[in-house]
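First the structure, in the form of structure tokens, and then the observations on it.
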Amino acid sequence: MRTAETVDHCDHEHRCEQLEQERTFLAALLDSLDAGVVACDTDGRLVQINQPMREILRTAEHPDTPHAWASAHGLYAPDGRRLLATEEIPLVRALAGERVAGQQVVMRPPGQSARRLAVNARPITAPDGRQLGAVAVGHDITDAHRTGVLRAVQHAVNGVLAAERGTTETAHAVLGAIAGVLGWRCGEYWQVDADAEVIVRVVSWSEPGRDLSAFTGTQPLAFAPGQGVAGKVWAGGRSIWSADLPDDERGFARIAQARQAGLHAAIGLPMRSGGAGAVMGVLAFYTDQIIGPDDDLIGLLEGVCAQVGQSMERRRADELAHELATTRERFDQVAAQLEDYIWTWEITADGQAHSVYQSPNTAGILGAQVHGTDLAAAFRSRYLHPDDREVYHAFTATLASGQVAQAEYRIIGVDGRTRWVWSRATPRREAGRLLVDGISTDVTDRHTLAEQREHLLRQQQQQVARLRELDAMKDELMAMVSHELRNPIGLIRGYAEMLRDAPDLPGEHRAFIEVIDRTSGRLQELVDDLLQLARLEAGLVTIDARTIGLTGLIRQAVEEHRAAAAAKNLTLTTELAHYLHVHADPVRIRQVLDNLLSNAIKYTPGEGCVTVTAVPACPGSDGLPSSVTLTVADTGIGIPAEQYDQLFSRFFRASTARQAGIEGTGLGLATTKAIIDAHGRTA
């Protein structure tokens with residue numbers, strides 16, 4: 001007989017067995033679904049993951065807290081780049097009591113391919129309203145999404161190609177359309193330059209707001225075959241996919257730049273001439289993710305490239321035709337405005353030249369328009385000057401040998417006027433023909449000017465020689481007159497001195513003697529200045545240069561002129577470097593100082609200032625200053641700026657000095673400059 005305890009134990013075992021069967025049934029049911037299912041309890045522990053979801057996750061480790069789900073399982077926003085925040089995860093949203101319908105999530109677990117899921121999620125509640133957890137169901141829409149993307153790419157490219165744009169604008173728009181739909185960060189359009197044997201980047205597109213200049217750069221870029229993504233596609237003639245460009249063992253160019261810009265995956269696609277001919281260009285795209293090859297995407301983009309290539313080839317042909325027509329029109333317009341005669345000849349095997357093209361403006365060299373005439377032949381027979389036939393024959397013979405040539409010769413124009421013509425030409429071979437492109441210019445004015453210039457030059461040389469003779473005569477006369485004046489002036493001063501010492505000389509006559517002596521003394525100084533200046537300018541005065549203390553010499557000169565300055569109530573100051581030494585003639589330098597100081601004091605009104613400064617330059621090899629800037633500045637009447645160039649001329653006196661009635665000979669500054677010049681310095 002069974003006891004109640006035995007019955008209860010049996011019922012418990014039965015219920016446990018039934019519960020286990022239900023769990024097994026539920027797990028089998030969930031595993032049989034096409035959608036991935038994941039459920040958690042109220043603490044966020046994952047308690048149920050069906051087989052489809054396990055195949056996506058492919059990991060046995062599942063974090064105990066929702067905060068680690070996104071990083072552990074690779075849960076990203078629909079753009080595939082931004083990791084989901086914890087509160088954005090559909091299961092977390094459902095655990096918070098929210099019902100989620102159709103949220104797109106990109107799952108890219110570490111080391112696995114990305115899958116796109118449409119997720120529905122809802123909380124799990126008991127009949128009594130208690131929340132038991134949450135469940136999320138993910139439907140794999142990767143293939144459907146890819147199909148939509150590929151269709152969007154094709155539609156975007158079709159829209160670009162349908163618009164009327166130039167080649168460059170079309171290429172930029174195509175790159176933006178493809179990269180924009182695919183979510184790639186950068187695109188480049190490369191064009192093959194067969195002549196230079198390089199492939200050149202023509203257009204670069206970057207995602208708006210994204211600075212990729214570290215990779216794209218700002219300068220033109222060209223690769224040889226096999227260099228970089230574009231060069232490898234060109235050389236191999238097939239598409240290239242790199243999952244991670246910086247770590248690709250194939251050795252692509254710009255690896256460091258890609259790493260700096262944060263770019264990883266890259267794809268290069270050939271564009272062929274005529275759809276199946278030689279590679280004429282390359283489209284390349286780059287993104288900041290590590291993405292493995294996608295054959296479907298490559299197939300679609302190769303089809304797009306074929307379509308784009310045909311369109312670009314047609315646009316380029318149209319552009320070239322338009323450019324050629326425009327260039328020809330502009331050339332004709334320019335040629336019609338020029339006075340130069342532009343021509344193309346064909347030189348035949350017998351050495352004869354015949355016109356292939358000649359501009360209509362023949363009046364520039366012939367004096368009138370000439371139509372319907374082969375000027376290549378007419379030049380020789382009709383217009384060429386008889387004396388220049390040999391020059392012209394040598395010119396055409398050089399061109400016939402295939403060499404560049406130029407020549408100047410005379411022609412007799414339609415108007416009967418003789419003109420000098422300068423022709424220069426370059427030969428070229430074209431389809432077995434020897435063609436010569438040339439230009440002829442009327443240079444008669446140049447020859448006329450050259451002749452006039454030679455005539456004027458001869459006249460000027462004669463005038464210069466005459467002026468030098470006159471200048472020498474003037475200097476000689478001045479020296480002679482000055483020398484001859486010294487003796488009479490000396491006699492006058494001597495007799496005046498004797499008369500002044502006479503005991504019975506009336507006082508009135510003594511005053512006359514003083515005037516004679518003072519005036520003859522001034523005349524003596526003038527004669528001495530003239531003689532000294534003449535000797536300095538003739539190089540007859542020897543400069544006895546030695547090391548002198550310039551600071552002391554300046555102070556001595558200033559002190560000796562201080563009385564004259566005080567008489568006019570002038571302030572006389574110095575700004576001198578200590579122990580300033582130079583290599584110079586002390587007697588001549590003192591003469592310079594006296595001239596400058598006396599001038600400054602003479603031409604400065606009362607209450608004014610005179611300042612003497614001396615500034616050393618860099619030292620020379622002997623340790624002394626290589627030069628010294630000596631300045632004597634005053635607040636005097638000044639000199640008009642337009643008279644500066646006459647400042648050191650003999651007998652020059654500024655208009656301000658003449659207007660002020662200040663006497664002077666105009667020789668002081670001329671003598672000063674001559675002394676400075678004799679020292680090899682500048683005044």
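Each chain of the structure tokens is named A, B, ... in the order shown, its residues numbered from 1; ligands are numbered from 1 in display order.
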
Using only C-alpha atoms, determine which residues lie at most 12 Å from region 107-119 of chain A, disregarding the query and same-chain residues fewer than 4 positions distant; provide the list as a PyMOL selection string. chain A and resi 35-38+52-59+61-62+69-84+88-91+93-94+99-103+135-146+243+289-294

If you count only C-alpha atoms, which residues fall within 12 Å of region 211-224 of chain A, apart from same-chain ones fewer than 5 positions away, as an NGL selection string? :A and (185-194 or 196-206 or 229-235 or 246 or 252-264 or 282 or 284-288)

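Using only C-alpha atoms, the shortest contact distance between Glu339 (chain A) and any of A:Leu161, A:Val105, A:Leu132, A:Ala363 is found at A:Ala363.
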
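Minimum atom-to-atom distance to Gln556 (chain A), evaluated using only C-alpha atoms, belongs to A:Leu593 out of A:Leu150, A:Val582, A:Val421, A:Leu593.
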
Spatial neighbours of Ile554 (chain A), max dist 9 Å, only C-alpha atoms, sep filter under 5 positions, as a list of chain:residue names: A:Gly549, A:Glu559, A:Thr574, A:Leu576, A:Arg590, A:Leu593, A:Val612, A:Ala614

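Across the model, the gap from CA of Ala96 (chain A) to CA of Asp43 (chain A) is 11.3 Å.
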
Which residues are near Ala641 (chain A)? Cut-off 12 Å, only C-alpha atoms, ignore same chain within fewer than 4 positions. Put them as a PyMOL selection string. chain A and resi 645-647+654-656

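Atom to atom, CA of Tyr579 (chain A) and CA of Val610 (chain A) stand 22.1 Å apart.
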
In region 72-226 of chain A, DSSP alpha helix (DSSP H) residues written as an NGL selection string: :A and (72-73 or 90-95 or 142-162 or 167-182 or 213-216)

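Pairwise distance (CA of Ala397 (chain A), CA of Asp442 (chain A)) equals 22.0 Å.
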
For the structure I just gave you, how does DSSP split region 43-204 of chain A - specifically, which residues are strand (DSSP E)? Reply as a VMD selection string. chain A and resid 46 to 49 75 to 76 100 to 107 115 to 125 131 to 140 186 to 193 198 to 204

May I have the selected residues written with N, CA and C atoms, as a short mmCIF file (atom, residue, chain, number, x, y, z; two decimals), in the first residue's frame?
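Final output, out_9.cif:
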```cif
data_model
loop_
_atom_site.label_atom_id
_atom_site.label_comp_id
_atom_site.auth_asym_id
_atom_site.auth_seq_id
_atom_site.Cartn_x
_atom_site.Cartn_y
_atom_site.Cartn_z
N LEU A 46 21.55 35.42 -20.32
CA LEU A 46 21.01 34.74 -21.50
C LEU A 46 20.66 33.31 -21.12
N VAL A 47 19.39 32.97 -21.27
CA VAL A 47 18.91 31.64 -20.85
C VAL A 47 18.52 30.78 -22.04
N GLN A 48 18.39 31.39 -23.21
CA GLN A 48 17.98 30.60 -24.37
C GLN A 48 18.56 31.22 -25.64
N ILE A 49 19.32 30.43 -26.41
CA ILE A 49 19.85 30.84 -27.71
C ILE A 49 19.63 29.67 -28.66
N LEU A 75 27.63 43.84 -32.03
CA LEU A 75 26.34 44.42 -32.40
C LEU A 75 26.55 45.87 -32.83
N TYR A 76 26.20 46.15 -34.09
CA TYR A 76 26.44 47.48 -34.67
C TYR A 76 25.14 48.10 -35.17
N VAL A 100 9.75 45.98 -29.60
CA VAL A 100 10.60 46.39 -30.71
C VAL A 100 10.17 45.64 -31.96
N ALA A 101 10.01 46.38 -33.06
CA ALA A 101 9.59 45.75 -34.32
C ALA A 101 10.50 46.20 -35.46
N GLY A 102 11.20 45.25 -36.07
CA GLY A 102 11.97 45.51 -37.29
C GLY A 102 13.22 46.34 -37.13
N GLN A 103 13.81 46.35 -35.94
CA GLN A 103 15.05 47.11 -35.78
C GLN A 103 16.19 46.41 -36.52
N GLN A 104 16.87 47.14 -37.42
CA GLN A 104 17.98 46.55 -38.17
C GLN A 104 19.26 46.63 -37.34
N VAL A 105 19.93 45.49 -37.25
CA VAL A 105 21.18 45.38 -36.49
C VAL A 105 22.18 44.63 -37.35
N VAL A 106 23.41 45.14 -37.40
CA VAL A 106 24.50 44.42 -38.07
C VAL A 106 25.28 43.67 -37.01
N MET A 107 25.34 42.32 -37.17
CA MET A 107 26.08 41.49 -36.22
C MET A 107 27.39 41.04 -36.88
N ARG A 115 26.57 40.00 -40.63
CA ARG A 115 25.21 39.62 -41.04
C ARG A 115 24.28 40.75 -40.63
N ARG A 116 23.27 41.00 -41.45
CA ARG A 116 22.29 42.04 -41.15
C ARG A 116 20.99 41.37 -40.73
N LEU A 117 20.45 41.75 -39.57
CA LEU A 117 19.23 41.15 -39.02
C LEU A 117 18.16 42.22 -38.83
N ALA A 118 16.92 41.79 -39.06
CA ALA A 118 15.77 42.60 -38.68
C ALA A 118 15.22 41.98 -37.41
N VAL A 119 15.25 42.71 -36.30
CA VAL A 119 14.99 42.14 -34.97
C VAL A 119 13.65 42.64 -34.43
N ASN A 120 12.86 41.66 -33.94
CA ASN A 120 11.67 41.97 -33.16
C ASN A 120 11.93 41.51 -31.72
N ALA A 121 11.50 42.26 -30.75
CA ALA A 121 11.75 41.90 -29.35
C ALA A 121 10.56 42.33 -28.49
N ARG A 122 10.35 41.58 -27.39
CA ARG A 122 9.24 41.93 -26.50
C ARG A 122 9.54 41.37 -25.12
N PRO A 123 8.95 41.94 -24.08
CA PRO A 123 9.15 41.39 -22.73
C PRO A 123 8.35 40.10 -22.55
N ILE A 124 8.80 39.22 -21.66
CA ILE A 124 8.09 37.97 -21.31
C ILE A 124 7.46 38.19 -19.94
N THR A 125 6.11 38.04 -19.87
CA THR A 125 5.39 38.27 -18.60
C THR A 125 4.58 37.04 -18.24
N GLN A 131 7.12 40.23 -14.74
CA GLN A 131 8.04 40.11 -15.88
C GLN A 131 9.05 39.03 -15.58
N LEU A 132 9.12 38.07 -16.53
CA LEU A 132 10.02 36.94 -16.36
C LEU A 132 11.33 37.12 -17.12
N GLY A 133 11.37 38.06 -18.07
CA GLY A 133 12.56 38.27 -18.89
C GLY A 133 12.18 38.93 -20.19
N ALA A 134 12.94 38.63 -21.25
CA ALA A 134 12.67 39.22 -22.57
C ALA A 134 13.18 38.26 -23.64
N VAL A 135 12.58 38.36 -24.83
CA VAL A 135 12.97 37.53 -25.95
C VAL A 135 13.12 38.41 -27.19
N ALA A 136 14.11 38.06 -28.05
CA ALA A 136 14.33 38.78 -29.30
C ALA A 136 14.46 37.76 -30.43
N VAL A 137 13.84 38.10 -31.56
CA VAL A 137 13.86 37.23 -32.73
C VAL A 137 14.49 38.01 -33.88
N GLY A 138 15.59 37.45 -34.47
CA GLY A 138 16.29 38.13 -35.55
C GLY A 138 16.14 37.39 -36.86
N HIS A 139 15.67 38.08 -37.87
CA HIS A 139 15.52 37.51 -39.21
C HIS A 139 16.69 37.98 -40.06
N ASP A 140 17.41 37.04 -40.66
CA ASP A 140 18.58 37.36 -41.48
C ASP A 140 18.13 37.98 -42.81
N CYS A 186 36.03 56.68 -49.67
CA CYS A 186 36.85 57.38 -50.65
C CYS A 186 36.77 56.66 -51.98
N GLY A 187 36.84 57.44 -53.07
CA GLY A 187 36.85 56.86 -54.41
C GLY A 187 37.80 57.63 -55.31
N GLU A 188 38.42 56.93 -56.26
CA GLU A 188 39.36 57.57 -57.19
C GLU A 188 39.11 57.07 -58.60
N TYR A 189 39.25 57.99 -59.56
CA TYR A 189 39.15 57.64 -60.98
C TYR A 189 40.51 57.86 -61.61
N TRP A 190 41.07 56.78 -62.16
CA TRP A 190 42.39 56.82 -62.77
C TRP A 190 42.26 56.63 -64.28
N GLN A 191 43.12 57.33 -65.02
CA GLN A 191 43.08 57.26 -66.48
C GLN A 191 44.46 56.87 -66.99
N VAL A 192 44.50 55.95 -67.94
CA VAL A 192 45.76 55.46 -68.49
C VAL A 192 46.31 56.49 -69.48
N ASP A 193 47.58 56.86 -69.27
CA ASP A 193 48.32 57.71 -70.21
C ASP A 193 49.32 56.80 -70.92
N VAL A 198 52.09 55.58 -67.80
CA VAL A 198 51.67 55.68 -66.40
C VAL A 198 50.15 55.75 -66.37
N ILE A 199 49.61 55.50 -65.18
CA ILE A 199 48.18 55.70 -64.97
C ILE A 199 48.04 56.87 -64.01
N VAL A 200 47.21 57.83 -64.37
CA VAL A 200 47.15 59.12 -63.66
C VAL A 200 45.80 59.25 -62.96
N ARG A 201 45.86 59.68 -61.69
CA ARG A 201 44.61 59.95 -60.97
C ARG A 201 44.02 61.27 -61.47
N VAL A 202 42.81 61.18 -62.02
CA VAL A 202 42.15 62.34 -62.59
C VAL A 202 41.19 62.98 -61.59
N VAL A 203 40.48 62.14 -60.82
CA VAL A 203 39.46 62.63 -59.89
C VAL A 203 39.60 61.87 -58.58
N SER A 204 39.44 62.59 -57.47
CA SER A 204 39.41 61.97 -56.15
C SER A 204 38.17 62.45 -55.42
#
```

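Checking A:His155, A:His561, A:His67, A:Arg424 one by one against Asn599 (chain A), counting only C-alpha atoms, you find the shortest gap at A:His561.
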